[in-house]
$ cat structure_30.txt   # compact mmCIF, C-alpha atoms
# COMPACT_ATOMS: atom_id res chain seq x y z
CA MET A 1 40.12 -34.75 69.82
CA LEU A 2 41.43 -31.90 67.72
CA GLY A 3 40.43 -30.31 64.43
CA TRP A 4 43.98 -30.57 63.07
CA SER A 5 44.63 -27.35 61.17
CA GLY A 6 47.47 -24.86 61.07
CA THR A 7 49.83 -23.46 63.65
CA MET A 8 47.48 -23.23 66.64
CA GLY A 9 46.21 -26.77 66.17
CA GLN A 10 49.75 -28.10 66.17
CA ARG A 11 50.60 -26.16 69.32
CA ILE A 12 47.52 -27.39 71.17
CA VAL A 13 48.34 -30.99 70.29
CA ARG A 14 51.95 -30.60 71.45
CA LEU A 15 50.88 -29.02 74.75
CA LEU A 16 48.13 -31.58 75.34
CA LEU A 17 50.64 -34.40 75.01
CA GLU A 18 53.12 -32.55 77.27
CA HIS A 19 50.75 -31.46 80.04
CA VAL A 20 47.76 -33.83 80.24
CA GLU A 21 48.78 -37.21 81.59
CA GLY A 22 47.18 -40.17 79.85
CA VAL A 23 45.45 -38.08 77.17
CA GLN A 24 44.74 -39.74 73.83
CA VAL A 25 44.67 -37.26 70.95
CA ILE A 26 42.87 -38.07 67.71
CA GLY A 27 43.36 -35.64 64.85
CA ALA A 28 40.47 -34.87 62.53
CA SER A 29 40.36 -32.97 59.25
CA ARG A 30 39.51 -33.34 55.57
CA HIS A 31 43.12 -34.47 55.05
CA THR A 32 43.72 -37.80 56.77
CA ASP A 33 47.46 -38.11 56.17
CA PRO A 34 48.99 -40.35 58.87
CA HIS A 35 50.62 -38.57 61.79
CA GLN A 36 53.50 -40.05 63.76
CA LEU A 37 52.18 -38.96 67.17
CA PHE A 38 48.47 -39.83 67.00
CA PRO A 39 45.79 -41.41 64.77
CA THR A 40 43.72 -39.28 62.41
CA ARG A 41 40.13 -39.36 61.21
CA PHE A 42 38.22 -37.75 58.36
CA ILE A 43 35.76 -34.95 59.12
CA ASN A 44 34.13 -32.35 56.89
CA LEU A 45 32.73 -29.50 58.98
CA THR A 46 30.15 -28.70 56.29
CA ASP A 47 28.94 -32.32 55.98
CA ALA A 48 27.14 -33.63 59.07
CA THR A 49 27.18 -37.18 57.69
CA SER A 50 30.92 -37.32 58.45
CA PHE A 51 30.39 -36.61 62.16
CA ASP A 52 29.34 -40.10 63.33
CA ALA A 53 32.61 -41.85 62.56
CA ALA A 54 34.74 -38.82 63.49
CA LEU A 55 33.17 -38.28 66.93
CA ASN A 56 32.92 -41.91 68.03
CA GLY A 57 34.46 -42.42 71.49
CA ILE A 58 35.44 -38.75 71.98
CA ASP A 59 35.24 -36.94 75.36
CA VAL A 60 36.27 -33.42 74.29
CA LEU A 61 36.26 -31.84 70.83
CA ILE A 62 38.71 -28.98 70.28
CA HIS A 63 37.76 -27.05 67.16
CA ALA A 64 40.93 -25.36 65.87
CA ALA A 65 40.14 -25.42 62.15
CA GLY A 66 40.00 -21.71 61.31
CA PRO A 67 39.15 -19.35 59.79
CA PHE A 68 35.87 -19.54 61.67
CA ASN A 69 33.54 -18.39 58.91
CA HIS A 70 31.27 -21.46 58.67
CA ASP A 71 28.06 -22.37 60.50
CA PRO A 72 28.93 -24.40 63.65
CA THR A 73 25.34 -25.39 64.48
CA ASN A 74 25.47 -29.00 63.26
CA LEU A 75 28.83 -29.67 64.90
CA VAL A 76 27.69 -28.22 68.25
CA HIS A 77 24.46 -30.23 68.13
CA ALA A 78 26.42 -33.37 67.26
CA CYS A 79 28.62 -32.88 70.33
CA ILE A 80 25.63 -32.27 72.61
CA GLU A 81 23.80 -35.33 71.31
CA ARG A 82 26.88 -37.51 71.95
CA ASN A 83 27.76 -35.99 75.37
CA ILE A 84 31.02 -34.51 74.06
CA HIS A 85 32.39 -31.28 75.54
CA TYR A 86 32.99 -28.66 72.81
CA ILE A 87 35.80 -26.07 72.79
CA ASP A 88 36.86 -23.73 69.97
CA ILE A 89 39.54 -21.07 69.58
CA ALA A 90 37.43 -18.67 67.49
CA GLU A 91 38.13 -14.94 67.61
CA SER A 92 35.08 -14.06 65.50
CA LEU A 93 32.15 -12.55 67.40
CA ASN A 94 29.70 -13.76 64.75
CA PHE A 95 30.98 -17.33 65.11
CA ILE A 96 30.84 -17.21 68.92
CA ARG A 97 27.26 -15.94 68.72
CA SER A 98 26.40 -18.81 66.36
CA VAL A 99 27.84 -21.34 68.83
CA GLN A 100 25.81 -19.77 71.64
CA ARG A 101 22.60 -19.92 69.57
CA ALA A 102 23.31 -23.55 68.66
CA ALA A 103 23.75 -24.48 72.33
CA ALA A 104 20.57 -22.62 73.30
CA SER A 105 18.53 -24.34 70.56
CA ALA A 106 19.45 -27.85 71.71
CA ARG A 107 16.66 -29.63 73.59
CA ALA A 108 19.01 -30.56 76.43
CA CYS A 109 22.69 -29.88 77.04
CA SER A 110 24.63 -31.90 79.62
CA VAL A 111 28.09 -30.89 78.36
CA ALA A 112 30.11 -27.67 78.30
CA ILE A 113 30.08 -25.54 75.15
CA VAL A 114 33.06 -23.18 75.39
CA SER A 115 33.68 -20.75 72.54
CA GLY A 116 36.39 -18.15 72.01
CA CYS A 117 39.25 -19.88 73.88
CA SER A 118 41.91 -17.77 72.23
CA THR A 119 43.80 -14.64 73.28
CA VAL A 120 40.56 -12.73 72.77
CA PRO A 121 37.97 -13.04 74.04
CA GLY A 122 38.77 -16.00 76.32
CA PHE A 123 42.18 -15.14 77.74
CA ALA A 124 41.25 -11.46 78.11
CA ALA A 125 38.03 -12.35 79.94
CA CYS A 126 39.95 -14.59 82.36
CA LEU A 127 42.61 -12.02 83.24
CA SER A 128 40.10 -9.18 83.56
CA GLN A 129 38.49 -10.87 86.56
CA ARG A 130 41.44 -9.68 88.67
CA PHE A 131 39.89 -6.18 88.41
CA SER A 132 36.59 -7.20 90.02
CA HIS A 133 37.61 -5.57 93.34
CA LEU A 134 38.23 -2.17 91.75
CA ASP A 135 35.55 0.54 91.77
CA PRO A 136 34.85 2.41 89.64
CA VAL A 137 36.31 0.94 86.44
CA ALA A 138 35.15 2.91 83.41
CA ARG A 139 37.08 1.00 80.74
CA ILE A 140 39.38 -1.97 80.30
CA HIS A 141 42.12 -1.42 77.76
CA VAL A 142 43.46 -4.62 76.17
CA MET A 143 46.74 -4.60 74.21
CA LEU A 144 48.23 -7.49 72.23
CA ASN A 145 51.74 -7.13 70.82
CA MET A 146 53.02 -9.97 68.65
CA GLY A 147 56.50 -11.02 67.64
CA SER A 148 57.06 -10.95 63.89
CA ASN A 149 59.44 -13.92 64.09
CA ASN A 150 56.57 -16.39 64.60
CA PRO A 151 55.05 -18.83 62.09
CA LEU A 152 52.55 -17.20 59.73
CA THR A 153 49.73 -19.20 58.15
CA GLN A 154 47.19 -18.17 55.55
CA GLY A 155 44.38 -18.40 58.09
CA LEU A 156 46.16 -16.20 60.62
CA CYS A 157 47.05 -13.68 57.92
CA PHE A 158 43.46 -13.54 56.61
CA GLY A 159 42.02 -13.15 60.11
CA LEU A 160 44.43 -10.30 60.90
CA LEU A 161 43.93 -8.35 57.67
CA ARG A 162 40.20 -8.72 57.01
CA PRO A 163 38.98 -6.15 59.60
CA LEU A 164 41.50 -3.46 58.59
CA GLY A 165 39.86 -0.28 57.33
CA GLY A 166 36.37 -1.41 58.26
CA PRO A 167 33.96 0.84 60.18
CA SER A 168 34.91 0.85 63.84
CA THR A 169 32.95 1.54 67.00
CA GLU A 170 34.92 4.80 67.18
CA LEU A 171 32.86 7.07 64.97
CA SER A 172 35.81 9.25 63.99
CA THR A 173 38.03 6.54 62.55
CA ARG A 174 38.30 3.06 61.05
CA TRP A 175 40.14 -0.03 62.24
CA PHE A 176 43.92 0.44 62.37
CA ARG A 177 43.71 4.10 61.40
CA ARG A 178 44.68 5.24 64.92
CA LEU A 179 48.30 4.41 65.76
CA THR A 180 49.48 4.73 69.35
CA HIS A 181 52.33 3.56 71.56
CA ALA A 182 52.55 2.32 75.14
CA THR A 183 55.32 2.13 77.70
CA HIS A 184 55.08 -1.28 79.38
CA LEU A 185 55.83 -2.22 82.97
CA ASP A 186 59.41 -3.19 82.16
CA GLY A 187 60.02 0.13 80.37
CA GLN A 188 59.78 -1.27 76.83
CA VAL A 189 57.86 0.79 74.28
CA ARG A 190 55.56 -0.95 71.79
CA HIS A 191 53.32 0.42 69.04
CA TYR A 192 49.68 -0.40 68.31
CA GLY A 193 46.68 0.21 66.08
CA ASN A 194 43.01 0.14 67.09
CA TYR A 195 41.38 -3.20 66.32
CA PRO A 196 38.00 -4.94 66.84
CA ILE A 197 37.61 -7.26 69.82
CA PRO A 198 35.02 -10.07 69.89
CA PHE A 199 33.02 -8.75 72.84
CA GLU A 200 29.55 -7.23 72.85
CA GLN A 201 31.24 -3.82 73.35
CA ASN A 202 31.47 -4.61 77.07
CA MET A 203 33.35 -7.15 79.21
CA THR A 204 31.72 -8.78 82.23
CA VAL A 205 33.99 -8.40 85.26
CA GLY A 206 32.48 -9.94 88.36
CA THR A 207 28.91 -8.71 88.24
CA ARG A 208 29.60 -5.55 86.23
CA SER A 209 29.55 -4.88 82.51
CA ILE A 210 32.51 -2.67 81.57
CA PRO A 211 33.39 -1.11 78.17
CA VAL A 212 36.46 -2.61 76.53
CA SER A 213 38.90 -1.32 73.91
CA PHE A 214 41.51 -3.31 72.00
CA ASP A 215 44.79 -2.42 70.33
CA VAL A 216 47.00 -4.78 68.33
CA GLY A 217 50.58 -4.30 67.20
CA PHE A 218 53.81 -5.95 66.19
CA ASP A 219 57.29 -5.70 67.62
CA ARG A 220 58.53 -3.77 64.58
CA LEU A 221 57.13 -0.31 63.86
CA VAL A 222 57.46 -0.80 60.09
CA ILE A 223 54.91 -3.63 60.23
CA ASN A 224 52.39 -1.43 62.03
CA TYR A 225 52.82 1.28 59.41
CA ALA A 226 52.33 -1.35 56.70
CA LEU A 227 49.08 -2.45 58.37
CA PHE A 228 48.00 1.20 58.56
CA MET A 229 48.54 1.53 54.81
CA ALA A 230 46.80 -1.80 54.22
CA SER A 231 43.71 -0.47 56.03
CA PHE A 232 43.03 1.69 52.96
CA LEU A 233 43.22 -1.32 50.62
CA MET A 234 41.43 -4.06 52.56
CA PRO A 235 37.85 -2.68 52.18
CA MET A 236 38.26 -2.89 48.38
CA LEU A 237 39.28 -6.57 48.34
CA SER A 238 36.90 -9.51 48.22
CA ASP A 239 37.55 -12.52 50.45
CA LYS A 240 38.84 -14.42 47.42
CA GLN A 241 41.28 -11.65 46.53
CA LEU A 242 42.43 -11.36 50.14
CA HIS A 243 43.06 -15.12 50.37
CA ALA A 244 45.27 -14.84 47.27
CA LEU A 245 47.14 -11.93 48.86
CA CYS A 246 47.60 -13.94 52.07
CA ARG A 247 49.08 -16.86 50.16
CA LEU A 248 51.65 -14.46 48.76
CA ALA A 249 52.26 -12.91 52.18
CA VAL A 250 52.91 -16.33 53.74
CA ARG A 251 55.53 -17.06 51.07
CA CYS A 252 57.23 -13.74 51.80
CA GLY A 253 56.69 -13.91 55.55
CA GLY A 254 60.01 -15.60 56.20
CA ALA A 255 61.74 -12.29 55.57
CA LEU A 256 60.15 -10.88 58.74
CA SER A 257 62.00 -13.43 60.83
CA LEU A 258 65.22 -11.69 59.86
CA ILE A 259 64.20 -8.48 61.65
CA GLY A 260 61.65 -9.62 64.22
CA LYS A 261 61.52 -11.36 67.59
CA THR A 262 59.41 -14.17 69.00
CA GLU A 263 58.37 -12.18 72.08
CA GLY A 264 54.67 -11.64 72.68
CA ARG A 265 52.98 -9.30 75.15
CA PHE A 266 49.41 -9.26 76.41
CA THR A 267 48.37 -6.36 78.64
CA LEU A 268 45.15 -5.40 80.42
CA VAL A 269 44.73 -1.98 82.03
CA ALA A 270 41.75 -1.00 84.18
CA ARG A 271 41.01 2.73 83.77
CA ASP A 272 38.76 5.13 85.67
CA GLN A 273 36.30 7.70 84.32
CA HIS A 274 39.18 10.15 83.73
CA ASP A 275 41.04 7.47 81.72
CA ARG A 276 43.66 7.13 84.45
CA ALA A 277 45.14 3.68 85.00
CA LEU A 278 44.02 1.99 88.20
CA GLU A 279 45.75 -1.37 87.84
CA SER A 280 47.58 -3.37 85.16
CA VAL A 281 48.51 -6.95 84.47
CA GLU A 282 50.90 -8.03 81.75
CA VAL A 283 51.94 -11.43 80.39
CA ILE A 284 55.29 -11.42 78.56
CA ALA A 285 56.35 -14.50 76.65
CA ALA A 286 59.98 -14.26 75.57
CA LYS A 287 59.58 -17.24 73.23
CA ASN A 288 56.67 -19.14 71.72
CA GLY A 289 54.16 -16.39 72.49
CA LEU A 290 51.49 -18.32 70.59
CA ASP A 291 51.74 -21.04 73.25
CA ILE A 292 49.81 -18.82 75.68
CA PRO A 293 46.33 -19.10 74.07
CA ALA A 294 47.11 -22.74 73.27
CA ILE A 295 48.01 -23.67 76.87
CA THR A 296 44.87 -22.01 78.27
CA THR A 297 42.83 -24.24 75.95
CA VAL A 298 44.71 -27.24 77.35
CA TRP A 299 43.95 -26.15 80.93
CA ALA A 300 40.28 -25.81 79.97
CA VAL A 301 40.33 -29.41 78.72
CA GLU A 302 41.81 -30.53 82.05
CA LYS A 303 39.02 -28.74 83.94
CA LEU A 304 36.32 -30.35 81.82
CA LEU A 305 37.81 -33.82 82.22
CA GLU A 306 37.91 -33.29 85.99
CA SER A 307 34.33 -31.96 86.18
CA ASN A 308 32.69 -35.40 85.98
CA GLY A 309 29.72 -33.99 84.10
CA GLU A 310 29.08 -31.15 86.58
CA THR A 311 29.88 -28.41 84.04
CA SER A 312 27.36 -27.84 81.27
CA GLY A 313 25.88 -25.23 78.95
CA PHE A 314 27.38 -22.37 76.95
CA MET A 315 30.13 -20.50 78.80
CA GLY A 316 33.27 -18.45 78.36
CA LEU A 317 36.77 -19.54 79.30
CA GLU A 318 36.57 -17.38 82.44
CA ALA A 319 33.93 -19.78 83.82
CA LEU A 320 36.56 -22.56 83.87
CA LEU A 321 39.82 -20.80 84.76
CA ASP A 322 40.22 -18.66 87.90
CA SER A 323 42.30 -15.53 87.22
CA LYS A 324 44.66 -15.91 90.20
CA ASN A 325 45.40 -19.56 89.50
CA LEU A 326 45.76 -18.75 85.81
CA GLU A 327 48.42 -16.12 86.54
CA ARG A 328 50.37 -18.49 88.77
CA LYS A 329 50.29 -21.27 86.20
CA LEU A 330 51.39 -18.87 83.45
CA ALA A 331 54.27 -17.55 85.56
CA ALA A 332 55.46 -21.12 86.11
CA LEU A 333 55.91 -21.67 82.37
CA PRO A 334 59.41 -21.37 80.86
CA ASP A 335 60.24 -17.93 79.39
CA VAL A 336 56.98 -16.40 80.65
CA ARG A 337 56.67 -13.47 83.07
CA VAL A 338 53.44 -12.21 84.64
CA CYS A 339 53.73 -8.68 86.00
CA ALA A 340 51.20 -6.60 87.91
CA SER A 341 51.14 -2.97 89.04
CA THR A 342 49.03 -0.53 90.98
CA HIS A 343 48.85 3.11 90.00
CA ASP A 344 48.88 6.39 91.91
CA ASP A 345 48.13 9.65 90.08
CA ASN A 346 48.58 7.76 86.81
CA ARG A 347 52.18 6.82 87.67
CA ALA A 348 52.73 3.08 87.61
CA LYS A 349 54.28 1.66 90.77
CA TRP A 350 55.81 -1.78 90.54
CA ARG A 351 54.10 -4.14 92.95
CA ALA A 352 55.43 -7.61 92.29
CA GLU A 353 55.87 -10.29 89.77
CA VAL A 354 53.34 -13.05 90.24
CA PRO A 355 55.24 -16.00 91.77
CA GLY A 356 55.42 -19.28 89.89
$ encode --input "structure_30.txt" --output "structure tokens"
Amino acid sequence: MLGWSGTMGQRIVRLLLEHVEGVQVIGASRHTDPHQLFPTRFINLTDATSFDAALNGIDVLIHAAGPFNHDPTNLVHACIERNIHYIDIAESLNFIRSVQRAAASARACSVAIVSGCSTVPGFAACLSQRFSHLDPVARIHVMLNMGSNNPLTQGLCFGLLRPLGGPSTELSTRWFRRLTHATHLDGQVRHYGNYPIPFEQNMTVGTRSIPVSFDVGFDRLVINYALFMASFLMPMLSDKQLHALCRLAVRCGGALSLIGKTEGRFTLVARDQHDRALESVEVIAAKNGLDIPAITTVWAVEKLLESNGETSGFMGLEALLDSKNLERKLAALPDVRVCASTHDDNRAKWRAEVPG
């Protein structure tokens, strides 16, 4: 079952139907317009009385109805009470914490409650497990570079812009006030701004808790400079004003497709106490970069359906997907490359592309 909403919801549905044999998808939202591929049901996430009919006969609920700024407690409890696995694609730390508290407050939980199955924190947490053999790792640097020729929705726009200019964990600056660039494993240069990541400051890799930093950028430098300038405006706007601005941005967003690409890049670098790179892994999607967080959600659904009730409680995506298998499955996808490197004296040495 899917909370049918926006670009990511549509992608998850498409990939579920393509990759999970025999799956029956039922869409659910406040808008029950008929869909040609699957039936739809009414659900109002703020009205628990709508849950009974919506959740009847469901094995897995995929919550993709962002932005994730509501209280998920009743929905999580409803899933637990009905023995329904719960997955969401939230990138909000406050929302993920609320899901965890809801799971902990249930009297008994025999299903999996998996929150944050998006690029961050879920995908990042999965890939970071490849660094568990390294010692010492002082920091994990996560970089997400997005193609500007991808669909833009109001929810995605709001989620991207809201943190800009807010107080950061770096005492000397605010979010997206520090612009940097990186040379990637294939020699391409991309630009970034500092951005909040939905972790508790640290990432658990193996048995260790390691500090994590996050940078976000677009394939066109002009967009990153525009976000830098926007970081001075965002703190002055209310949520209502920002939603209005996002509606305007979505209407104008088509112009970006004239100058941008669809390529997306997701990079993790393990660094030592001198900030030297120890090892890197990079996922490059030439097309449909947004399919990457969507397909990992689909693979999580497959794992839960195969678990036969043996997987339960609150967990991250990394508890379901092994990093090595994840890299192989990603590399087998069309137009996707997974590259890895080791480093000597801070000079990257190409090791191999992960085989499909």
$ residues_near_point --input "structure_30.txt" --point "(34.9, -17.3, 81.0)" --cutoff "7 Å" --atoms "all atoms listed in the file" --output "mmCIF file with C-alpha atoms, keeping the file's coordinate frame"
data_model
loop_
_atom_site.group_PDB
_atom_site.id
_atom_site.type_symbol
_atom_site.label_atom_id
_atom_site.label_comp_id
_atom_site.auth_asym_id
_atom_site.auth_seq_id
_atom_site.Cartn_x
_atom_site.Cartn_y
_atom_site.Cartn_z
ATOM 1 C CA GLY A 122 38.770 -16.000 76.320
ATOM 2 C CA ALA A 125 38.030 -12.350 79.940
ATOM 3 C CA CYS A 126 39.950 -14.590 82.360
ATOM 4 C CA MET A 315 30.130 -20.500 78.800
ATOM 5 C CA GLY A 316 33.270 -18.450 78.360
ATOM 6 C CA LEU A 317 36.770 -19.540 79.300
ATOM 7 C CA GLU A 318 36.570 -17.380 82.440
ATOM 8 C CA ALA A 319 33.930 -19.780 83.820
ATOM 9 C CA LEU A 320 36.560 -22.560 83.870
#
$ residues_around --input "structure_30.txt" --residues "A:Ile113" --least-positions-apart "5" --cutoff "10 Å" --atoms "all atoms listed in the file" --output "compact mmCIF listing (two decimals) with C-alpha atoms, keeping the file's coordinate frame"
# COMPACT_ATOMS: atom_id res chain seq x y z
CA LEU A 61 36.26 -31.84 70.83
CA VAL A 76 27.69 -28.22 68.25
CA CYS A 79 28.62 -32.88 70.33
CA ILE A 80 25.63 -32.27 72.61
CA ILE A 84 31.02 -34.51 74.06
CA HIS A 85 32.39 -31.28 75.54
CA TYR A 86 32.99 -28.66 72.81
CA ILE A 87 35.80 -26.07 72.79
CA ASP A 88 36.86 -23.73 69.97
CA VAL A 99 27.84 -21.34 68.83
CA GLN A 100 25.81 -19.77 71.64
CA ALA A 102 23.31 -23.55 68.66
CA ALA A 103 23.75 -24.48 72.33
CA THR A 311 29.88 -28.41 84.04
CA SER A 312 27.36 -27.84 81.27
CA GLY A 313 25.88 -25.23 78.95
CA PHE A 314 27.38 -22.37 76.95
CA MET A 315 30.13 -20.50 78.80
CA GLY A 316 33.27 -18.45 78.36
CA LEU A 317 36.77 -19.54 79.30
$ residues_around --input "structure_30.txt" --residues "A:Gly193" --least-positions-apart "4" --cutoff "6 Å" --atoms "all atoms listed in the file" --output "list in words"
Phe176, Arg178, Leu179, Asp215 and Val216 of chain A
$ closest_residue --input "structure_30.txt" --among "A:Val142, A:Ala53, A:Ala182, A:Ala285" --to "A:Ala332" --atoms "all atoms listed in the file"
A:Ala285
$ closest_residue --input "structure_30.txt" --among "A:Ala300, A:Leu164, A:Ile284, A:Ala244" --to "A:Ala331" --atoms "all atoms listed in the file"
A:Ile284
$ closest_residue --input "structure_30.txt" --among "A:Val189, A:Ile140, A:Met8, A:Leu227" --to "A:Gln201" --atoms "only C-alpha atoms"
A:Ile140
$ residues_near_point --input "structure_30.txt" --point "(48.8, -13.3, 52.2)" --cutoff "12 Å" --atoms "all atoms listed in the file" --output "ChimeraX atom specification"
/A:152-162,230,234,239-253
$ write_last_selection --input "structure_30.txt" --atoms "C-alpha atoms" --output "short mmCIF file (atom, residue, chain, number, x, y, z; two decimals), keeping the file's coordinate frame"
data_model
loop_
_atom_site.label_atom_id
_atom_site.label_comp_id
_atom_site.auth_asym_id
_atom_site.auth_seq_id
_atom_site.Cartn_x
_atom_site.Cartn_y
_atom_site.Cartn_z
CA LEU A 152 52.55 -17.20 59.73
CA THR A 153 49.73 -19.20 58.15
CA GLN A 154 47.19 -18.17 55.55
CA GLY A 155 44.38 -18.40 58.09
CA LEU A 156 46.16 -16.20 60.62
CA CYS A 157 47.05 -13.68 57.92
CA PHE A 158 43.46 -13.54 56.61
CA GLY A 159 42.02 -13.15 60.11
CA LEU A 160 44.43 -10.30 60.90
CA LEU A 161 43.93 -8.35 57.67
CA ARG A 162 40.20 -8.72 57.01
CA ALA A 230 46.80 -1.80 54.22
CA MET A 234 41.43 -4.06 52.56
CA ASP A 239 37.55 -12.52 50.45
CA LYS A 240 38.84 -14.42 47.42
CA GLN A 241 41.28 -11.65 46.53
CA LEU A 242 42.43 -11.36 50.14
CA HIS A 243 43.06 -15.12 50.37
CA ALA A 244 45.27 -14.84 47.27
CA LEU A 245 47.14 -11.93 48.86
CA CYS A 246 47.60 -13.94 52.07
CA ARG A 247 49.08 -16.86 50.16
CA LEU A 248 51.65 -14.46 48.76
CA ALA A 249 52.26 -12.91 52.18
CA VAL A 250 52.91 -16.33 53.74
CA ARG A 251 55.53 -17.06 51.07
CA CYS A 252 57.23 -13.74 51.80
CA GLY A 253 56.69 -13.91 55.55
#
